[in-house]
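Quick notes on the structure that follows.
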Amino acid sequence: MSKNYFKEYPNSEGYFQDYGGAFIPPVLEAEMKKITDAYYSISKSHKFISELRSIRKHYQGRPTPVYFCNRLSEKYGARIYLKREDLNHSGAHKLNHCMGEALLAKHMGKKRLIAETGAGQHGVALATAAAYFGLECEIHMGEVDIEKEHPNVVRMKILGADVVPVTHGLKTLKEAVDSAFEEYLKDPINTLYCIGSVVGPHPFPMMVRDFQRVVGIEAKEQFFEMTGELPDKVVACVGGGSNAMGLFSAFLDEPDCELFGVEPSGRSLNLGDHAATMTLGKPGVIHGFKCYLLQDEKGEPAPVYSVASGLDYPGVGPEHSMLNDLKKVNYKTASDKETIDAFYELSRLEGIIPALESAHAVAYALKLAKENPQDSILINLSGRGDKDIDFVVDTYGLPKK
Ligand SMILES: *Cc1c(COP(=O)(O)O)cnc(C)c1O
């Protein structure tokens with residue numbers, strides 16, 4: 001990987017080699033260019049950088065710790081470490097890019113943030129950022145998801161956001177994206193559309209990656225300080241891919257660190273039962289960018305499923321798509337069952353209840369640990385599991401002691 005990796009990728013059109021770009025209606029082209037130009041100039045300014053640094057320290061509670069898992073390591077063999085994004089304010093890594101996007105909106109003189117949300121995690125993080133900066137916030141959410149994710153809907157409302165129910169089509173994430181986009185087009189001057197992962201048209205995959213890089217920069221330094229070396233293996237779950245990109249970005253040019261992105265193989269590898277985009281998808285276009293994509297026989301985005309709703313996306317970030325082709329990252333899977341087992345293992349051996357998304361990374365790391373007892377493994381624990389406890393216990397019950 002060249003020294004100028006972050007300057008080279010994406011290129012000025014937003015491409016990570018074959019992937020990314022901006023497949024958007026002409027009316028949006030000027031808006032996206034404005035956001036890109038503003039990002040390039042504002043994000044390099046001393047004022048922006050020092051403000052973001054101060055927010056991370058005093059509001060978000062960064063740096064989040066790297067923690068050595070004593071009992072898990074003893075049981076599974078390898079030395080296992082967690083980057084504790086579950087301890088980031090609001091309970092997951094998502095606030096890292098939401099605070100960055102909201103700060104950019106403020107510097108651009110915008111009054112309102114708008115986004116879609118599926119399970120509500122991105123909506124809650126963005127509503128948090130909007131409250132902090134005194135911006136209006138409108139979150140579009142499918143009616144089906146509003147029913148399912150009641151606590152997050154309440155959180156968003158407490159934080160002062162408007163939750164707009166989306167009532168057409170399947171009434172889930174894809175329709176919510178369309179609806180939020182439509183609303184954004186009505187007033188792009190005063191509004192910033194805030195994407196929830198390293199996906200969407202240029203410049204979002206780049207911006208979100210850059211705001212998440214703090215995770216990797218901190219973790220690399222902390223791991224080295226604790227052990228005097230770098231981890232042999234680095235593991236993160238991949239939905240759209242923001243928490244994974246954040247951690248991996250610090251290790252891309254370390255030939256001795258092996259990187260693993262873990263996607264959900266769900267109930268089975270039949271189409272509709274999983275969201276294993278890298279393993280089973282092929283290149284296509286979704287939501288304004290090109291990436292590996294799970295497609296039906298007509299080439300349309302296929303229905304996907306995962307026990308973790310944050311991983312339930314038929315596409316994946318364009319940078320991951322490139323890193324897959326370059327074989328810089330190994331993309332693997334964990335099933336629902338392996339994930340639930342890992343959820344309880346981490347809870348009972350370390351006293352840490354992980355988000356079901358993060359438990360996918362833990363599940364695959366435990367496999368690696370058994371096969372490579374001499375190695376050290378660093379896992380991105382992208383979020384905490386409070387949001388998942390009722391679902392897990394009601395669906396799977398408690399394990400025997
Ligand atoms: C949303 C979410 C994810 C998936 O998003 P990425 O962009 O792939 O990181 C993973 N973990 C948690 C806790 C989440 O909330």
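In the structure tokens, chains take the letters A, B, ... in the order shown, each chain's residues start at 1, and ligands count up from 1 in the order shown.
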
ask   = Neighbours of A:Phe251 within 9 Å (only C-alpha atoms; same-chain residues fewer than 5 positions away dropped), as number ranges by chain?
value = A: 216, 220, 234, 257-259

Just asking: which residues within stretch 86-274 of chain A are strand (DSSP E) according to DSSP, as a PDB file with N, CA and C atoms, in the first residue's frame?
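New file states.pdb:
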```pdb
ATOM      1  N   ARG A 112     -30.398  21.966   9.235  1.00  0.00           N
ATOM      2  CA  ARG A 112     -31.171  20.749   9.460  1.00  0.00           C
ATOM      3  C   ARG A 112     -30.387  19.533   8.976  1.00  0.00           C
ATOM      4  N   LEU A 113     -30.485  18.448   9.738  1.00  0.00           N
ATOM      5  CA  LEU A 113     -29.898  17.164   9.330  1.00  0.00           C
ATOM      6  C   LEU A 113     -31.032  16.224   8.964  1.00  0.00           C
ATOM      7  N   ILE A 114     -30.786  15.410   7.950  1.00  0.00           N
ATOM      8  CA  ILE A 114     -31.820  14.461   7.549  1.00  0.00           C
ATOM      9  C   ILE A 114     -31.155  13.125   7.249  1.00  0.00           C
ATOM     10  N   ALA A 115     -31.831  12.036   7.602  1.00  0.00           N
ATOM     11  CA  ALA A 115     -31.292  10.712   7.308  1.00  0.00           C
ATOM     12  C   ALA A 115     -32.395   9.676   7.397  1.00  0.00           C
ATOM     13  N   GLU A 116     -32.088   8.500   6.897  1.00  0.00           N
ATOM     14  CA  GLU A 116     -32.950   7.347   7.088  1.00  0.00           C
ATOM     15  C   GLU A 116     -32.352   6.513   8.228  1.00  0.00           C
ATOM     16  N   THR A 117     -33.168   5.634   8.787  1.00  0.00           N
ATOM     17  CA  THR A 117     -32.605   4.655   9.706  1.00  0.00           C
ATOM     18  C   THR A 117     -33.362   3.344   9.552  1.00  0.00           C
ATOM     19  N   GLU A 136     -31.838  21.116  13.608  1.00  0.00           N
ATOM     20  CA  GLU A 136     -33.047  20.316  13.476  1.00  0.00           C
ATOM     21  C   GLU A 136     -32.665  18.950  12.904  1.00  0.00           C
ATOM     22  N   CYS A 137     -33.494  17.946  13.214  1.00  0.00           N
ATOM     23  CA  CYS A 137     -33.146  16.596  12.769  1.00  0.00           C
ATOM     24  C   CYS A 137     -34.412  15.857  12.361  1.00  0.00           C
ATOM     25  N   GLU A 138     -34.387  15.303  11.151  1.00  0.00           N
ATOM     26  CA  GLU A 138     -35.548  14.564  10.649  1.00  0.00           C
ATOM     27  C   GLU A 138     -35.082  13.175  10.212  1.00  0.00           C
ATOM     28  N   ILE A 139     -35.680  12.170  10.818  1.00  0.00           N
ATOM     29  CA  ILE A 139     -35.272  10.789  10.547  1.00  0.00           C
ATOM     30  C   ILE A 139     -36.422  10.037   9.875  1.00  0.00           C
ATOM     31  N   HIS A 140     -36.160   9.499   8.710  1.00  0.00           N
ATOM     32  CA  HIS A 140     -37.169   8.711   8.001  1.00  0.00           C
ATOM     33  C   HIS A 140     -36.987   7.233   8.338  1.00  0.00           C
ATOM     34  N   MET A 141     -38.125   6.608   8.656  1.00  0.00           N
ATOM     35  CA  MET A 141     -38.046   5.217   9.136  1.00  0.00           C
ATOM     36  C   MET A 141     -39.279   4.462   8.670  1.00  0.00           C
ATOM     37  N   GLY A 142     -39.087   3.271   8.144  1.00  0.00           N
ATOM     38  CA  GLY A 142     -40.200   2.453   7.688  1.00  0.00           C
ATOM     39  C   GLY A 142     -41.145   2.123   8.834  1.00  0.00           C
ATOM     40  N   ASP A 162     -37.548  14.654  14.707  1.00  0.00           N
ATOM     41  CA  ASP A 162     -38.830  14.254  14.131  1.00  0.00           C
ATOM     42  C   ASP A 162     -38.635  12.910  13.445  1.00  0.00           C
ATOM     43  N   VAL A 163     -39.472  11.954  13.792  1.00  0.00           N
ATOM     44  CA  VAL A 163     -39.409  10.648  13.147  1.00  0.00           C
ATOM     45  C   VAL A 163     -40.550  10.571  12.124  1.00  0.00           C
ATOM     46  N   VAL A 164     -40.192  10.425  10.847  1.00  0.00           N
ATOM     47  CA  VAL A 164     -41.187  10.423   9.779  1.00  0.00           C
ATOM     48  C   VAL A 164     -41.460   8.981   9.350  1.00  0.00           C
ATOM     49  N   PRO A 165     -42.670   8.481   9.567  1.00  0.00           N
ATOM     50  CA  PRO A 165     -42.974   7.096   9.181  1.00  0.00           C
ATOM     51  C   PRO A 165     -43.075   6.971   7.656  1.00  0.00           C
ATOM     52  N   VAL A 166     -42.497   5.911   7.118  1.00  0.00           N
ATOM     53  CA  VAL A 166     -42.550   5.676   5.673  1.00  0.00           C
ATOM     54  C   VAL A 166     -43.497   4.508   5.429  1.00  0.00           C
ATOM     55  N   THR A 191     -30.189  21.944   4.301  1.00  0.00           N
ATOM     56  CA  THR A 191     -30.186  20.605   4.892  1.00  0.00           C
ATOM     57  C   THR A 191     -28.910  19.863   4.519  1.00  0.00           C
ATOM     58  N   LEU A 192     -28.414  19.019   5.424  1.00  0.00           N
ATOM     59  CA  LEU A 192     -27.373  18.062   5.030  1.00  0.00           C
ATOM     60  C   LEU A 192     -27.922  16.654   5.208  1.00  0.00           C
ATOM     61  N   TYR A 193     -27.802  15.873   4.135  1.00  0.00           N
ATOM     62  CA  TYR A 193     -28.166  14.461   4.203  1.00  0.00           C
ATOM     63  C   TYR A 193     -26.999  13.729   4.843  1.00  0.00           C
ATOM     64  N   LYS A 233      -3.778 -10.393  14.049  1.00  0.00           N
ATOM     65  CA  LYS A 233      -5.042 -10.416  13.315  1.00  0.00           C
ATOM     66  C   LYS A 233      -5.966  -9.311  13.832  1.00  0.00           C
ATOM     67  N   VAL A 234      -6.669  -8.671  12.897  1.00  0.00           N
ATOM     68  CA  VAL A 234      -7.573  -7.573  13.227  1.00  0.00           C
ATOM     69  C   VAL A 234      -8.944  -7.927  12.639  1.00  0.00           C
ATOM     70  N   VAL A 235      -9.990  -7.886  13.468  1.00  0.00           N
ATOM     71  CA  VAL A 235     -11.295  -8.409  13.052  1.00  0.00           C
ATOM     72  C   VAL A 235     -12.394  -7.380  13.307  1.00  0.00           C
ATOM     73  N   ALA A 236     -13.281  -7.185  12.338  1.00  0.00           N
ATOM     74  CA  ALA A 236     -14.434  -6.294  12.528  1.00  0.00           C
ATOM     75  C   ALA A 236     -15.615  -6.811  11.719  1.00  0.00           C
ATOM     76  N   CYS A 237     -16.833  -6.537  12.190  1.00  0.00           N
ATOM     77  CA  CYS A 237     -18.020  -6.901  11.414  1.00  0.00           C
ATOM     78  C   CYS A 237     -18.227  -5.886  10.292  1.00  0.00           C
ATOM     79  N   GLU A 258      -2.972  -9.351   9.613  1.00  0.00           N
ATOM     80  CA  GLU A 258      -4.005  -9.883   8.716  1.00  0.00           C
ATOM     81  C   GLU A 258      -5.356  -9.280   9.105  1.00  0.00           C
ATOM     82  N   LEU A 259      -6.095  -8.818   8.108  1.00  0.00           N
ATOM     83  CA  LEU A 259      -7.379  -8.155   8.379  1.00  0.00           C
ATOM     84  C   LEU A 259      -8.551  -9.056   7.979  1.00  0.00           C
ATOM     85  N   PHE A 260      -9.576  -9.084   8.830  1.00  0.00           N
ATOM     86  CA  PHE A 260     -10.752  -9.924   8.577  1.00  0.00           C
ATOM     87  C   PHE A 260     -12.032  -9.111   8.737  1.00  0.00           C
ATOM     88  N   GLY A 261     -12.841  -9.064   7.677  1.00  0.00           N
ATOM     89  CA  GLY A 261     -14.167  -8.446   7.733  1.00  0.00           C
ATOM     90  C   GLY A 261     -15.200  -9.563   7.811  1.00  0.00           C
ATOM     91  N   VAL A 262     -16.127  -9.453   8.766  1.00  0.00           N
ATOM     92  CA  VAL A 262     -17.069 -10.557   9.003  1.00  0.00           C
ATOM     93  C   VAL A 262     -18.492 -10.128   8.650  1.00  0.00           C
ATOM     94  N   GLU A 263     -19.093 -10.853   7.716  1.00  0.00           N
ATOM     95  CA  GLU A 263     -20.466 -10.577   7.288  1.00  0.00           C
ATOM     96  C   GLU A 263     -21.396 -11.678   7.803  1.00  0.00           C
ATOM     97  N   PRO A 264     -22.719 -11.368   7.864  1.00  0.00           N
ATOM     98  CA  PRO A 264     -23.645 -12.360   8.398  1.00  0.00           C
ATOM     99  C   PRO A 264     -24.045 -13.415   7.366  1.00  0.00           C
ATOM    100  N   SER A 265     -23.822 -14.693   7.708  1.00  0.00           N
ATOM    101  CA  SER A 265     -24.359 -15.766   6.862  1.00  0.00           C
ATOM    102  C   SER A 265     -25.751 -16.170   7.353  1.00  0.00           C
ATOM    103  N   GLY A 266     -26.252 -15.491   8.396  1.00  0.00           N
ATOM    104  CA  GLY A 266     -27.665 -15.582   8.783  1.00  0.00           C
ATOM    105  C   GLY A 266     -28.154 -16.986   9.083  1.00  0.00           C
TER     106      GLY A 266
END
```

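Taking only C-alpha atoms into account, A:Phe16 lies nearest to A:Asn324 out of the set A:Asn324, A:Gln295, A:Gln374, A:Thr339.
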
Stretch 38-51 of chain A: which residues within 10 Å, counting only C-alpha atoms, same-chain residues fewer than 6 positions away excluded, as a VMD selection string? chain A and resid 32 100 to 101 103 to 105 107 to 108 203 207 210 to 211

Keeping only N, CA, C and O atoms, write those residues as an mmCIF file, in the first residue's frame.
```
data_model
loop_
_atom_site.group_PDB
_atom_site.id
_atom_site.type_symbol
_atom_site.label_atom_id
_atom_site.label_comp_id
_atom_site.auth_asym_id
_atom_site.auth_seq_id
_atom_site.Cartn_x
_atom_site.Cartn_y
_atom_site.Cartn_z
ATOM 1 N N MET A 32 -23.742 17.646 -4.393
ATOM 2 C CA MET A 32 -22.681 16.744 -3.929
ATOM 3 C C MET A 32 -21.313 17.393 -4.109
ATOM 4 O O MET A 32 -20.421 17.215 -3.296
ATOM 5 N N GLY A 100 -18.949 14.222 13.158
ATOM 6 C CA GLY A 100 -18.207 14.830 12.052
ATOM 7 C C GLY A 100 -19.131 15.429 11.008
ATOM 8 O O GLY A 100 -18.940 16.576 10.575
ATOM 9 N N GLU A 101 -20.158 14.679 10.616
ATOM 10 C CA GLU A 101 -21.101 15.177 9.602
ATOM 11 C C GLU A 101 -21.864 16.400 10.116
ATOM 12 O O GLU A 101 -22.063 17.378 9.384
ATOM 13 N N LEU A 103 -20.876 18.515 12.450
ATOM 14 C CA LEU A 103 -19.950 19.658 12.538
ATOM 15 C C LEU A 103 -19.736 20.273 11.155
ATOM 16 O O LEU A 103 -19.691 21.500 11.011
ATOM 17 N N LEU A 104 -19.648 19.421 10.150
ATOM 18 C CA LEU A 104 -19.527 19.924 8.771
ATOM 19 C C LEU A 104 -20.771 20.738 8.398
ATOM 20 O O LEU A 104 -20.665 21.831 7.833
ATOM 21 N N ALA A 105 -21.954 20.217 8.744
ATOM 22 C CA ALA A 105 -23.211 20.925 8.455
ATOM 23 C C ALA A 105 -23.196 22.308 9.099
ATOM 24 O O ALA A 105 -23.562 23.306 8.477
ATOM 25 N N HIS A 107 -20.568 24.121 9.986
ATOM 26 C CA HIS A 107 -19.605 24.989 9.294
ATOM 27 C C HIS A 107 -20.100 25.421 7.918
ATOM 28 O O HIS A 107 -19.683 26.450 7.405
ATOM 29 N N MET A 108 -20.988 24.612 7.301
ATOM 30 C CA MET A 108 -21.552 25.000 6.002
ATOM 31 C C MET A 108 -22.773 25.904 6.159
ATOM 32 O O MET A 108 -23.385 26.304 5.173
ATOM 33 N N PRO A 203 -19.273 12.342 -1.831
ATOM 34 C CA PRO A 203 -18.079 12.056 -1.023
ATOM 35 C C PRO A 203 -18.324 11.229 0.234
ATOM 36 O O PRO A 203 -17.439 11.134 1.075
ATOM 37 N N MET A 207 -15.804 10.524 3.407
ATOM 38 C CA MET A 207 -15.992 11.318 4.627
ATOM 39 C C MET A 207 -16.206 10.434 5.845
ATOM 40 O O MET A 207 -15.597 10.642 6.896
ATOM 41 N N ASP A 210 -13.043 8.755 6.850
ATOM 42 C CA ASP A 210 -12.113 9.678 7.503
ATOM 43 C C ASP A 210 -12.528 9.965 8.950
ATOM 44 O O ASP A 210 -11.685 10.009 9.843
ATOM 45 N N PHE A 211 -13.845 10.136 9.180
ATOM 46 C CA PHE A 211 -14.308 10.396 10.545
ATOM 47 C C PHE A 211 -14.146 9.161 11.432
ATOM 48 O O PHE A 211 -14.033 9.282 12.646
#
```

- Within 7 Å of ligand 1, counting only C-alpha atoms and all ligand atoms, which protein or nucleic acid residues do you find, written as a PyMOL selection string? chain A and resi 92-94+121-122+196-198+237-244+310-311+355+357-358+382-384

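Of the residues under consideration (A:Gly77, A:Gly123, A:Pro205, A:Pro10), A:Pro205 shows the shortest atom-to-atom contact distance to A:Gly288 when counting only C-alpha atoms.
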
Taking 2 positions as the minimum chain separation for residues in the same chain, which residues sit within 9 Å of A:Ser249 when counting only C-alpha atoms? Answer as an mmCIF file with N, CA and C atoms, in the first residue's frame.
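Result saved to out14.cif:
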```cif
data_model
loop_
_atom_site.group_PDB
_atom_site.id
_atom_site.type_symbol
_atom_site.label_atom_id
_atom_site.label_comp_id
_atom_site.auth_asym_id
_atom_site.auth_seq_id
_atom_site.Cartn_x
_atom_site.Cartn_y
_atom_site.Cartn_z
ATOM 1 N N PHE A 6 -4.447 7.338 1.302
ATOM 2 C CA PHE A 6 -5.656 8.123 1.596
ATOM 3 C C PHE A 6 -5.850 9.279 0.618
ATOM 4 N N ARG A 209 -15.404 7.310 6.259
ATOM 5 C CA ARG A 209 -14.141 6.622 6.583
ATOM 6 C C ARG A 209 -13.208 7.551 7.354
ATOM 7 N N GLN A 212 -14.161 7.973 10.860
ATOM 8 C CA GLN A 212 -13.993 6.742 11.653
ATOM 9 C C GLN A 212 -12.526 6.362 11.837
ATOM 10 N N ARG A 213 -11.617 7.007 11.133
ATOM 11 C CA ARG A 213 -10.201 6.614 11.241
ATOM 12 C C ARG A 213 -9.664 6.737 12.662
ATOM 13 N N VAL A 215 -10.731 5.527 15.244
ATOM 14 C CA VAL A 215 -10.790 4.215 15.911
ATOM 15 C C VAL A 215 -9.479 3.448 15.682
ATOM 16 N N GLY A 216 -9.023 3.414 14.435
ATOM 17 C CA GLY A 216 -7.798 2.685 14.105
ATOM 18 C C GLY A 216 -6.553 3.370 14.652
ATOM 19 N N ILE A 217 -6.525 4.680 14.542
ATOM 20 C CA ILE A 217 -5.357 5.431 15.018
ATOM 21 C C ILE A 217 -5.166 5.206 16.518
ATOM 22 N N ALA A 244 -15.487 -1.215 10.455
ATOM 23 C CA ALA A 244 -14.353 -1.994 9.930
ATOM 24 C C ALA A 244 -13.350 -1.071 9.225
ATOM 25 N N MET A 245 -13.835 -0.159 8.379
ATOM 26 C CA MET A 245 -12.920 0.767 7.684
ATOM 27 C C MET A 245 -12.153 1.606 8.686
ATOM 28 N N GLY A 246 -12.850 2.053 9.752
ATOM 29 C CA GLY A 246 -12.184 2.862 10.773
ATOM 30 C C GLY A 246 -11.013 2.131 11.386
ATOM 31 N N LEU A 247 -11.211 0.878 11.752
ATOM 32 C CA LEU A 247 -10.123 0.114 12.383
ATOM 33 C C LEU A 247 -9.074 -0.308 11.353
ATOM 34 N N PHE A 251 -4.117 -0.204 9.661
ATOM 35 C CA PHE A 251 -3.294 -1.411 9.512
ATOM 36 C C PHE A 251 -3.088 -1.835 8.055
ATOM 37 N N LEU A 252 -3.632 -1.041 7.113
ATOM 38 C CA LEU A 252 -3.570 -1.440 5.697
ATOM 39 C C LEU A 252 -2.142 -1.588 5.188
ATOM 40 N N ASP A 253 -1.233 -0.771 5.737
ATOM 41 C CA ASP A 253 0.146 -0.849 5.240
ATOM 42 C C ASP A 253 1.051 -1.647 6.171
#
```

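Rounded to one decimal, atom CA of A:Cys69 and atom CA of A:Leu82 lie 7.3 Å from each other.
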
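Of the listed residues (A:Pro303, A:Pro399, A:Pro314, A:Gly14), A:Pro399 comes nearest to A:Ser347; the distances count only C-alpha atoms.
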
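For the set A:Tyr76, A:Phe391, A:Tyr305, A:Phe289, the residue with the smallest atom-to-atom gap to A:Pro201 is A:Phe289, counting only C-alpha atoms.
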
Between A:Val304, A:Ile286, A:Cys291, A:Leu269, smallest distance to A:Ala334 by only C-alpha atoms belongs to A:Leu269

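Interatomic distance, atom CA of A:Glu254 against atom CA of A:Leu326: 14.6 Å.
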
A:Leu381: which residues within 8 Å, counting only C-alpha atoms, same-chain residues fewer than 4 positions away excluded, as a PDB file with C-alpha atoms, in the first residue's frame?
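selection_34.pdb, freshly written:
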```pdb
ATOM      1  CA  LEU A  82     -11.246  -5.534  22.216  1.00  0.00           C
ATOM      2  CA  LYS A  83     -11.372  -1.951  20.955  1.00  0.00           C
ATOM      3  CA  ARG A  84     -14.204  -0.724  23.151  1.00  0.00           C
ATOM      4  CA  GLU A  85     -16.428   1.338  20.836  1.00  0.00           C
ATOM      5  CA  ASP A  86     -19.319   0.170  23.018  1.00  0.00           C
ATOM      6  CA  ALA A 236     -14.434  -6.294  12.528  1.00  0.00           C
ATOM      7  CA  PRO A 354     -21.958  -6.926  22.844  1.00  0.00           C
ATOM      8  CA  SER A 358     -20.239  -6.807  17.013  1.00  0.00           C
ATOM      9  CA  ALA A 359     -20.907 -10.380  18.182  1.00  0.00           C
ATOM     10  CA  ALA A 361     -16.777 -10.230  14.779  1.00  0.00           C
ATOM     11  CA  VAL A 362     -16.341 -11.932  18.150  1.00  0.00           C
TER      12      VAL A 362
END
```

What's the 6 Å shell around stretch 78-80 of chain A, counting only C-alpha atoms, without same-chain residues fewer than 2 positions away, as a PyMOL selection string?
-> chain A and resi 69+73+369+373-377

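Minimum atom-to-atom distance to A:Gly21, evaluated using only C-alpha atoms, belongs to A:Phe204 out of A:Ala276, A:His320, A:Phe223, A:Phe204.
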
Query raised in the report: Got a sec to tell me which of stretch 184-290 of chain A DSSP assigns to alpha helix (DSSP H), as a PyMOL selection string?
Result: chain A and resi 184-186+204-227+242-248+277-280

Kindly save the residues from that selection, with N, CA, C and O atoms included, as a short mmCIF file (atom, residue, chain, number, x, y, z; two decimals), in the first residue's frame.
```cif
data_model
loop_
_atom_site.label_atom_id
_atom_site.label_comp_id
_atom_site.auth_asym_id
_atom_site.auth_seq_id
_atom_site.Cartn_x
_atom_site.Cartn_y
_atom_site.Cartn_z
N TYR A 184 -34.88 15.57 1.22
CA TYR A 184 -33.63 16.32 1.12
C TYR A 184 -33.61 17.19 -0.14
O TYR A 184 -33.20 18.35 -0.11
N LEU A 185 -34.12 16.63 -1.24
CA LEU A 185 -34.12 17.35 -2.53
C LEU A 185 -34.98 18.61 -2.48
O LEU A 185 -34.79 19.54 -3.26
N LYS A 186 -35.94 18.67 -1.54
CA LYS A 186 -36.81 19.84 -1.44
C LYS A 186 -36.06 21.06 -0.92
O LYS A 186 -36.45 22.19 -1.19
N PHE A 204 -19.54 10.62 0.40
CA PHE A 204 -19.85 10.02 1.70
C PHE A 204 -18.94 8.85 2.11
O PHE A 204 -18.51 8.81 3.25
N PRO A 205 -18.63 7.91 1.21
CA PRO A 205 -17.77 6.82 1.67
C PRO A 205 -16.41 7.31 2.18
O PRO A 205 -15.86 6.78 3.15
N MET A 206 -15.91 8.37 1.56
CA MET A 206 -14.63 8.94 1.98
C MET A 206 -14.77 9.68 3.31
O MET A 206 -13.98 9.49 4.24
N MET A 207 -15.80 10.52 3.41
CA MET A 207 -15.99 11.32 4.63
C MET A 207 -16.21 10.43 5.84
O MET A 207 -15.60 10.64 6.90
N VAL A 208 -17.08 9.46 5.69
CA VAL A 208 -17.39 8.59 6.84
C VAL A 208 -16.15 7.79 7.24
O VAL A 208 -15.84 7.66 8.42
N ARG A 209 -15.40 7.31 6.26
CA ARG A 209 -14.14 6.62 6.58
C ARG A 209 -13.21 7.55 7.35
O ARG A 209 -12.64 7.17 8.38
N ASP A 210 -13.04 8.75 6.85
CA ASP A 210 -12.11 9.68 7.50
C ASP A 210 -12.53 9.97 8.95
O ASP A 210 -11.68 10.01 9.84
N PHE A 211 -13.85 10.14 9.18
CA PHE A 211 -14.31 10.40 10.54
C PHE A 211 -14.15 9.16 11.43
O PHE A 211 -14.03 9.28 12.65
N GLN A 212 -14.16 7.97 10.86
CA GLN A 212 -13.99 6.74 11.65
C GLN A 212 -12.53 6.36 11.84
O GLN A 212 -12.22 5.46 12.63
N ARG A 213 -11.62 7.01 11.13
CA ARG A 213 -10.20 6.61 11.24
C ARG A 213 -9.66 6.74 12.66
O ARG A 213 -8.71 6.06 13.03
N VAL A 214 -10.29 7.60 13.46
CA VAL A 214 -9.88 7.77 14.85
C VAL A 214 -9.84 6.43 15.60
O VAL A 214 -8.97 6.20 16.44
N VAL A 215 -10.73 5.53 15.24
CA VAL A 215 -10.79 4.21 15.91
C VAL A 215 -9.48 3.45 15.68
O VAL A 215 -8.87 2.92 16.62
N GLY A 216 -9.02 3.41 14.43
CA GLY A 216 -7.80 2.69 14.10
C GLY A 216 -6.55 3.37 14.65
O GLY A 216 -5.65 2.70 15.17
N ILE A 217 -6.53 4.68 14.54
CA ILE A 217 -5.36 5.43 15.02
C ILE A 217 -5.17 5.21 16.52
O ILE A 217 -4.07 4.89 16.99
N GLU A 218 -6.26 5.33 17.27
CA GLU A 218 -6.17 5.09 18.72
C GLU A 218 -5.78 3.64 19.01
O GLU A 218 -4.89 3.38 19.82
N ALA A 219 -6.46 2.71 18.35
CA ALA A 219 -6.28 1.28 18.69
C ALA A 219 -4.85 0.82 18.43
O ALA A 219 -4.27 0.07 19.21
N LYS A 220 -4.27 1.29 17.33
CA LYS A 220 -2.91 0.87 16.97
C LYS A 220 -1.93 1.33 18.05
O LYS A 220 -1.10 0.55 18.52
N GLU A 221 -2.08 2.58 18.45
CA GLU A 221 -1.19 3.14 19.48
C GLU A 221 -1.39 2.43 20.82
O GLU A 221 -0.42 2.07 21.50
N GLN A 222 -2.65 2.22 21.19
CA GLN A 222 -2.95 1.60 22.48
C GLN A 222 -2.46 0.16 22.52
O GLN A 222 -1.89 -0.29 23.52
N PHE A 223 -2.66 -0.56 21.41
CA PHE A 223 -2.24 -1.96 21.37
C PHE A 223 -0.73 -2.04 21.50
O PHE A 223 -0.19 -2.87 22.23
N PHE A 224 -0.03 -1.14 20.79
CA PHE A 224 1.44 -1.15 20.83
C PHE A 224 1.94 -0.81 22.23
O PHE A 224 2.88 -1.42 22.73
N GLU A 225 1.27 0.13 22.86
CA GLU A 225 1.68 0.52 24.21
C GLU A 225 1.51 -0.64 25.19
O GLU A 225 2.31 -0.85 26.09
N MET A 226 0.46 -1.43 25.01
CA MET A 226 0.18 -2.54 25.92
C MET A 226 1.11 -3.73 25.69
O MET A 226 1.44 -4.45 26.63
N THR A 227 1.48 -3.97 24.42
CA THR A 227 2.14 -5.25 24.10
C THR A 227 3.53 -5.08 23.48
O THR A 227 4.26 -6.05 23.37
N SER A 242 -18.51 0.78 8.06
CA SER A 242 -17.82 1.95 8.64
C SER A 242 -16.93 1.60 9.83
O SER A 242 -15.80 2.09 9.92
N ASN A 243 -17.41 0.75 10.74
CA ASN A 243 -16.54 0.44 11.89
C ASN A 243 -15.31 -0.34 11.43
O ASN A 243 -14.20 -0.12 11.94
N ALA A 244 -15.49 -1.22 10.46
CA ALA A 244 -14.35 -1.99 9.93
C ALA A 244 -13.35 -1.07 9.23
O ALA A 244 -12.14 -1.17 9.46
N MET A 245 -13.83 -0.16 8.38
CA MET A 245 -12.92 0.77 7.68
C MET A 245 -12.15 1.61 8.69
O MET A 245 -10.97 1.86 8.53
N GLY A 246 -12.85 2.05 9.75
CA GLY A 246 -12.18 2.86 10.77
C GLY A 246 -11.01 2.13 11.39
O GLY A 246 -9.91 2.68 11.51
N LEU A 247 -11.21 0.88 11.75
CA LEU A 247 -10.12 0.11 12.38
C LEU A 247 -9.07 -0.31 11.35
O LEU A 247 -7.88 -0.14 11.57
N PHE A 248 -9.52 -0.84 10.22
CA PHE A 248 -8.57 -1.38 9.23
C PHE A 248 -7.64 -0.29 8.69
O PHE A 248 -6.49 -0.57 8.33
N THR A 277 -22.50 -10.24 1.47
CA THR A 277 -22.33 -9.53 0.21
C THR A 277 -21.02 -9.87 -0.50
O THR A 277 -20.99 -10.09 -1.71
N MET A 278 -19.93 -9.90 0.24
CA MET A 278 -18.62 -10.16 -0.38
C MET A 278 -18.50 -11.60 -0.85
O MET A 278 -17.91 -11.88 -1.88
N THR A 279 -19.05 -12.51 -0.07
CA THR A 279 -18.92 -13.93 -0.38
C THR A 279 -19.79 -14.30 -1.58
O THR A 279 -19.37 -15.07 -2.44
N LEU A 280 -20.99 -13.73 -1.66
CA LEU A 280 -21.96 -14.21 -2.65
C LEU A 280 -22.47 -13.15 -3.62
O LEU A 280 -23.20 -13.46 -4.55
#
```

Discussion item. I'd like the contact shell of A:Leu135 - 6 Å cut-off, only C-alpha atoms, skipping same-chain residues fewer than 2 positions apart - returned as a list of chain:residue names.
Written reply: A:Lys111, A:Arg112, A:Ala130, A:Phe133
